[in-house]
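First the structure, in the form of C-alpha cells, and then the observations on it.
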Amino acid sequence: MVTKMDKFTLQFTLSKSLIIKLQKFFDKNILSILILTLSLISVFAFLFYYENKLGLSYNDARSHLDMGRRVVENLKPGLAQLGSVWLPLPHILMIPTIWSDFMWHSGLSGAIQSMFSFVATGCLIYLFLKNLKIGLFERIFGVFIFVANINVLYLQSTAMTELLLLATMTAGVYFLARWVNDDNIFNLIKGALFVMSSTLIRYDGWFLFIFASLLVAFISIRKRGLREAEGNFIFYSTLAGFGIVMWLVWNLLIFKDPLYFAYGPYSAQSQQKMLEEAGELSTKGDFLMSAKAYFYSIFYNSYTFSAMLGFAGAVTFFLDKKIKFLVRVISFSLLAPLFFNIIALYLGHSVLFLPGIIGRTWFNIRYGALMLPSIAIFSAYLINKLGVLKWVFVGIFCLVIFFAFVNNDAATIEDAVYGESARNVSEVSTWLQNNAKDKEGLVLMSVASHDAIIFSSGLPMKKFIHEGTGAYWDYAIENPDRWATWIVTRTHDLNDAVFREVRDSDGFKKYELVDHYPFADIYQLKPEYRSEFLAKPVLGKQN
C-alpha cells in the first residue's frame, strides 16, 4: 500500500528529475534559443520603427545608405565612393543589397547589419558571463539588460554603425579572455580579427586596438616572460592593426595623403574647428566637463539605475581575487569606450550635446550606448554575487525598464527626431522630388553638406553632381551653367563646397533663386540658358 509520504517522495523525485532534464536541455540548446528569441525581437523592433517612420530619422543614417549606394549607382560608381572620413566596413557590407531601391530607401540595407550585430552582441554577453562561470539566471539577466533597452532596440533598427561596432569590440574582448584562460593561439587570432574589424567601423576601434595590444603584451610578460611577450605583441598588433594600415594606404592612394581622413576638409577636426570658433566646443581642454558629459550620456542611454549597477559591478569585479588576475586585466578592455570618449572630448576631437548640461539641443548622445555591453556584463556579475538580495535589484531594474517603455524614454530617438542630427531637410528634398524628378538635367550639390537631401529626394544617384563624381564635379564648379540645371547650396556659407567654388563664377549668374529654406537654397538655370547645358551624363566611365 502506497502511503502519502511515498507519493510525496515520488512526486518530489519526478519534479527534481524534470528540473534536471530541463536544465540539461537549456544548457545544450540555450544559444539556439537565444539566437531565435533575439532575432524575433530584432525583426519586430525594426518593423515597429519602420512603420513609425523613425528608422531613417538620423541624417547620418541616410548618409551611410547613400555612401553604400554610390558604390553601385552614381555618375562615377566604384569603390572610390567609400570616401575618406567614415571608415569603410559598414558601407562595404551594404554592397550586396544596396542596389535594391527598397533596401536603400527602407534603410534595411544598413539596418540588417545592425540587427545581426544586436543578436551577436546579446549572445556574446551570455558567452562572456559563461566564461566567468556566472550562473544561468544571471547570464540571461545580463542579456536582458542589453536587450530590454529602447536605445539599443532603436539603434539596431537603423543604418547607424554603433551596433556593428559593439558586436566586433565585444567579440574581440571575449576571445582575448578565452585566450587568457586556455592559451589557445586560435582565440588570440579570433580576438585580433574582430578588433581589426572594429578598426574599420569607427575610430573607437583604433583606441581598443592600442589598449588591447598593450594588455596582450602585459599578460604575455606575466605568463611567459619578455621574449614571448614580444612575439605575441608583434603577432597580435600586426593582425589587429592591419585594418588601420589598409585605411592609411587607401587615403594615400585615393587622396594622396595617408592622414587625409584626419586633417582633410571633411574631417572631424574641420567640423570641430567650426564648432570651436562658434564657442560650442566646451569640453575641449576641460577634463572634468568631458567626463561629466560622457557619464551623463551613459546614464541617458542605459538609465541611471542600470549604469550605477554596472559601475558597482565593475569595481567589485576588478577587486575580486577569486577571479584570475589576468582575466580581470583583459576584461579591462570592456571599458575602452569610456576612456576613448572622455579623451576624445577633452582633446576636442569629438563633440557631445546634452540639453541643460552642454549645448541647447541633443547631439551624439548615442555615444553613451557603447558602454552597454560592459554594463550588462558587470551588472550580471554583481547580481551573481548578491545572493538572495539579488531579487531586490532585479525587481528594481524591471520596474525601471517598465516605466522606460511606458514613457518611451529613449535619448537616441530624441536626438534623431529633435536634435542636431535631425536637421529638417524635407522641404528641400520635397521640392527636388516635385520639380526635378521627371525632368532632364542634373543637380549640383555638396554631399558633405546635403547628403540627407539626396537620400530623401528619392531621385536616382545619377541625377547628382557632387564631390565624388570626378570630372563632372571639376567641370561643373568651373562652368555650372553647362552642366547643372539646379544648384542646391547654403548661400553665403563658405563651408558649403558648392557655394565656395561657384560663387564668383560667371555661370552662377545665369541661375535664379527659386526657393529659400533654413537649411539650403535652390537655384535653377534661367530658361534662356537651358539650350546650352548638357542634360544627360556624357563622360562615361572615368578613371
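We label chains A, B, ... in the order they appear in the C-alpha cells, count residues from 1 in each chain, and number ligands from 1 in the order shown.
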
For stretch 262-271 of chain A, work out the shell of residues within 12 Å, counting only C-alpha atoms and skipping chain neighbours fewer than 5 positions away, then give it as a PyMOL selection string. chain A and resi 83-87+203+247-248+251+255-257+276-278+280-281+344-345+347-351+446-449+467+494-497

What residues in stretch 280-490 of chain A get the DSSP label strand (DSSP E or B)? Please answer as a VMD selection string. chain A and resid 353 to 354 358 to 363 443 to 444 464 to 465 486 to 489

Could you produce a table of the residues of stretch 157-262 of chain A lying within 8 Å of stretch 103-125 of chain A, with the nearest pair of atoms per residue and their separation in Å rounded to one decimal, using only C-alpha atoms, ordered by chain and increasing residue number, as a tab-separated table?
```
residue	atom	partner	partner_atom	distance
A:Ser157	CA	A:Ala111	CA	5.3
A:Thr158	CA	A:Ala111	CA	4.6
A:Ala159	CA	A:Gly110	CA	4.0
A:Met160	CA	A:Gly110	CA	7.3
A:Thr161	CA	A:Ser114	CA	7.1
A:Glu162	CA	A:Ser114	CA	7.8
A:Leu163	CA	A:Ser114	CA	5.2
A:Leu164	CA	A:Ser117	CA	5.2
A:Leu166	CA	A:Thr121	CA	6.8
A:Ala167	CA	A:Thr121	CA	4.9
A:Thr170	CA	A:Leu124	CA	6.9
A:Ala171	CA	A:Leu124	CA	6.5
A:Tyr174	CA	A:Leu124	CA	7.3
```

Could you save the residues just selected, with C-alpha atoms, as a JSON list (two decimals), in the first residue's frame?
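What follows is the written file selection-v5.json:
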```
[["chain", "number", "residue", "atom", "x", "y", "z"],
["A", 157, "SER", "CA", 16.79, 49.22, -36.37],
["A", 158, "THR", "CA", 18.82, 51.89, -38.18],
["A", 159, "ALA", "CA", 21.73, 52.14, -40.61],
["A", 160, "MET", "CA", 23.90, 53.68, -37.87],
["A", 161, "THR", "CA", 27.22, 51.99, -37.03],
["A", 162, "GLU", "CA", 27.08, 51.67, -33.23],
["A", 163, "LEU", "CA", 25.69, 48.12, -33.04],
["A", 164, "LEU", "CA", 28.19, 46.74, -35.57],
["A", 166, "LEU", "CA", 29.59, 46.86, -30.28],
["A", 167, "ALA", "CA", 29.47, 43.35, -31.75],
["A", 170, "THR", "CA", 32.72, 42.68, -27.57],
["A", 171, "ALA", "CA", 33.78, 39.68, -29.68],
["A", 174, "TYR", "CA", 35.62, 37.86, -25.42]]
```

Can you list, as number ranges by chain, all residues belonging to stretch 280-402 of chain A that DSSP tags as alpha helix (DSSP H)? A: 287-302, 304-319, 325-331, 336-347, 372-385, 390-402

Sorted by chain and rising residue number, which residues of stretch 60-174 of chain A lie within 12 Å of stretch 413-437 of chain A, and what are their closest atom pairs and distances in Å to one decimal, counting only C-alpha atoms, as a Markdown table?
```
| residue | atom | partner | partner_atom | distance |
| --- | --- | --- | --- | --- |
| A:Asp60 | CA | A:Ser421 | CA | 7.1 |
| A:Ala61 | CA | A:Ala416 | CA | 9.7 |
| A:Arg62 | CA | A:Ala422 | CA | 10.7 |
| A:Ser63 | CA | A:Ser421 | CA | 11.3 |
| A:Ile150 | CA | A:Ile413 | CA | 8.9 |
| A:Asn151 | CA | A:Ile413 | CA | 7.4 |
| A:Val152 | CA | A:Ile413 | CA | 10.5 |
| A:Leu153 | CA | A:Ile413 | CA | 10.5 |
| A:Tyr154 | CA | A:Ile413 | CA | 7.3 |
| A:Leu155 | CA | A:Ile413 | CA | 8.7 |
| A:Ser157 | CA | A:Ile413 | CA | 11.4 |
| A:Thr158 | CA | A:Ala416 | CA | 10.7 |
| A:Met160 | CA | A:Ala416 | CA | 11.0 |
```

Save out the residues we just selected, C-alpha atoms, as a tab-separated table (two decimals), in the first residue's frame.
```tsv
chain	number	residue	atom	x	y	z
A	60	ASP	CA	23.72	60.21	-40.64
A	61	ALA	CA	21.77	57.00	-41.27
A	62	ARG	CA	20.66	58.36	-44.64
A	63	SER	CA	24.20	59.47	-45.42
A	150	ILE	CA	14.95	51.10	-26.01
A	151	ASN	CA	18.08	52.91	-27.19
A	152	VAL	CA	19.62	49.60	-28.26
A	153	LEU	CA	16.39	48.45	-29.90
A	154	TYR	CA	16.19	51.70	-31.82
A	155	LEU	CA	19.83	51.83	-32.95
A	157	SER	CA	16.79	49.22	-36.37
A	158	THR	CA	18.82	51.89	-38.18
A	160	MET	CA	23.90	53.68	-37.87
```

Would you kindly return, as a ChimeraX atom specification, each protein, DNA or RNA residue with an atom no farther than 12 Å from any atom of A:Leu127, considering only C-alpha atoms and excluding same-chain residues fewer than 5 positions away? /A:27,30-31,34,120-122,132-136,138-140,142-143,170-171,173-175,177-178,373,377

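Nearest-residue note for A:Pro355: choosing from A:Ala293, A:Gly241, A:Lys190, A:Val394, the minimum distance belongs to A:Ala293, counting only C-alpha atoms.
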
Two-atom distance - atom CA of A:Leu309, atom CA of A:Ile375 (Å): 7.6 Å

Name all residues at most 9 Å from A:Leu208 (count only C-alpha atoms; drop same-chain ones fewer than 6 positions away) and give them as number ranges by chain. A: 169, 195, 198-199, 333-334, 336-337, 340

Kindly export the residues of the current selection with N, CA and C atoms, as a PDB file, in the first residue's frame.
```pdb
ATOM      1  N   MET A 169      33.697  44.745 -31.125  1.00  0.00           N
ATOM      2  CA  MET A 169      34.510  45.041 -29.948  1.00  0.00           C
ATOM      3  C   MET A 169      34.285  44.003 -28.848  1.00  0.00           C
ATOM      4  N   VAL A 195      38.940  42.688 -33.482  1.00  0.00           N
ATOM      5  CA  VAL A 195      39.413  44.049 -33.190  1.00  0.00           C
ATOM      6  C   VAL A 195      39.774  44.762 -34.493  1.00  0.00           C
ATOM      7  N   SER A 198      36.701  46.050 -35.979  1.00  0.00           N
ATOM      8  CA  SER A 198      36.213  47.260 -35.292  1.00  0.00           C
ATOM      9  C   SER A 198      36.964  48.505 -35.745  1.00  0.00           C
ATOM     10  N   THR A 199      38.246  48.340 -36.119  1.00  0.00           N
ATOM     11  CA  THR A 199      39.033  49.497 -36.581  1.00  0.00           C
ATOM     12  C   THR A 199      38.590  49.975 -37.958  1.00  0.00           C
ATOM     13  N   SER A 333      39.499  45.789 -21.007  1.00  0.00           N
ATOM     14  CA  SER A 333      39.281  46.273 -22.377  1.00  0.00           C
ATOM     15  C   SER A 333      37.822  46.646 -22.615  1.00  0.00           C
ATOM     16  N   LEU A 334      36.914  46.069 -21.833  1.00  0.00           N
ATOM     17  CA  LEU A 334      35.493  46.408 -21.969  1.00  0.00           C
ATOM     18  C   LEU A 334      35.238  47.887 -21.707  1.00  0.00           C
ATOM     19  N   ALA A 336      37.168  50.310 -22.695  1.00  0.00           N
ATOM     20  CA  ALA A 336      37.843  51.140 -23.693  1.00  0.00           C
ATOM     21  C   ALA A 336      36.968  52.288 -24.212  1.00  0.00           C
ATOM     22  N   PRO A 337      35.653  52.064 -24.501  1.00  0.00           N
ATOM     23  CA  PRO A 337      34.825  53.182 -24.979  1.00  0.00           C
ATOM     24  C   PRO A 337      34.736  54.338 -23.981  1.00  0.00           C
ATOM     25  N   PHE A 340      38.131  56.189 -24.251  1.00  0.00           N
ATOM     26  CA  PHE A 340      38.268  56.819 -25.563  1.00  0.00           C
ATOM     27  C   PHE A 340      37.408  58.071 -25.673  1.00  0.00           C
TER      28      PHE A 340
END
```

Point-to-point distance from atom CA of A:Thr316 to atom CA of A:Lys385, Å rounded to tenths: 9.1 Å

Test item: residues at most 8 Å from A:Leu382, only C-alpha atoms, excluding those fewer than 3 positions along its chain, as an mmCIF file with C-alpha atoms, in the first residue's frame:
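part_27.cif, written as the output of this step:
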```cif
data_model
loop_
_atom_site.group_PDB
_atom_site.id
_atom_site.type_symbol
_atom_site.label_atom_id
_atom_site.label_comp_id
_atom_site.auth_asym_id
_atom_site.auth_seq_id
_atom_site.Cartn_x
_atom_site.Cartn_y
_atom_site.Cartn_z
ATOM 1 C CA LEU A 309 24.607 48.781 -11.044
ATOM 2 C CA GLY A 310 27.155 48.293 -13.809
ATOM 3 C CA ALA A 312 29.349 48.950 -8.857
ATOM 4 C CA GLY A 313 29.701 45.572 -10.575
ATOM 5 C CA THR A 316 33.544 44.575 -7.401
ATOM 6 C CA PHE A 317 34.756 42.556 -10.384
ATOM 7 C CA PHE A 378 29.284 43.770 -14.832
ATOM 8 C CA SER A 379 25.683 44.132 -13.621
ATOM 9 C CA LYS A 385 27.432 37.927 -6.017
ATOM 10 C CA LEU A 386 24.447 39.292 -4.107
#
```
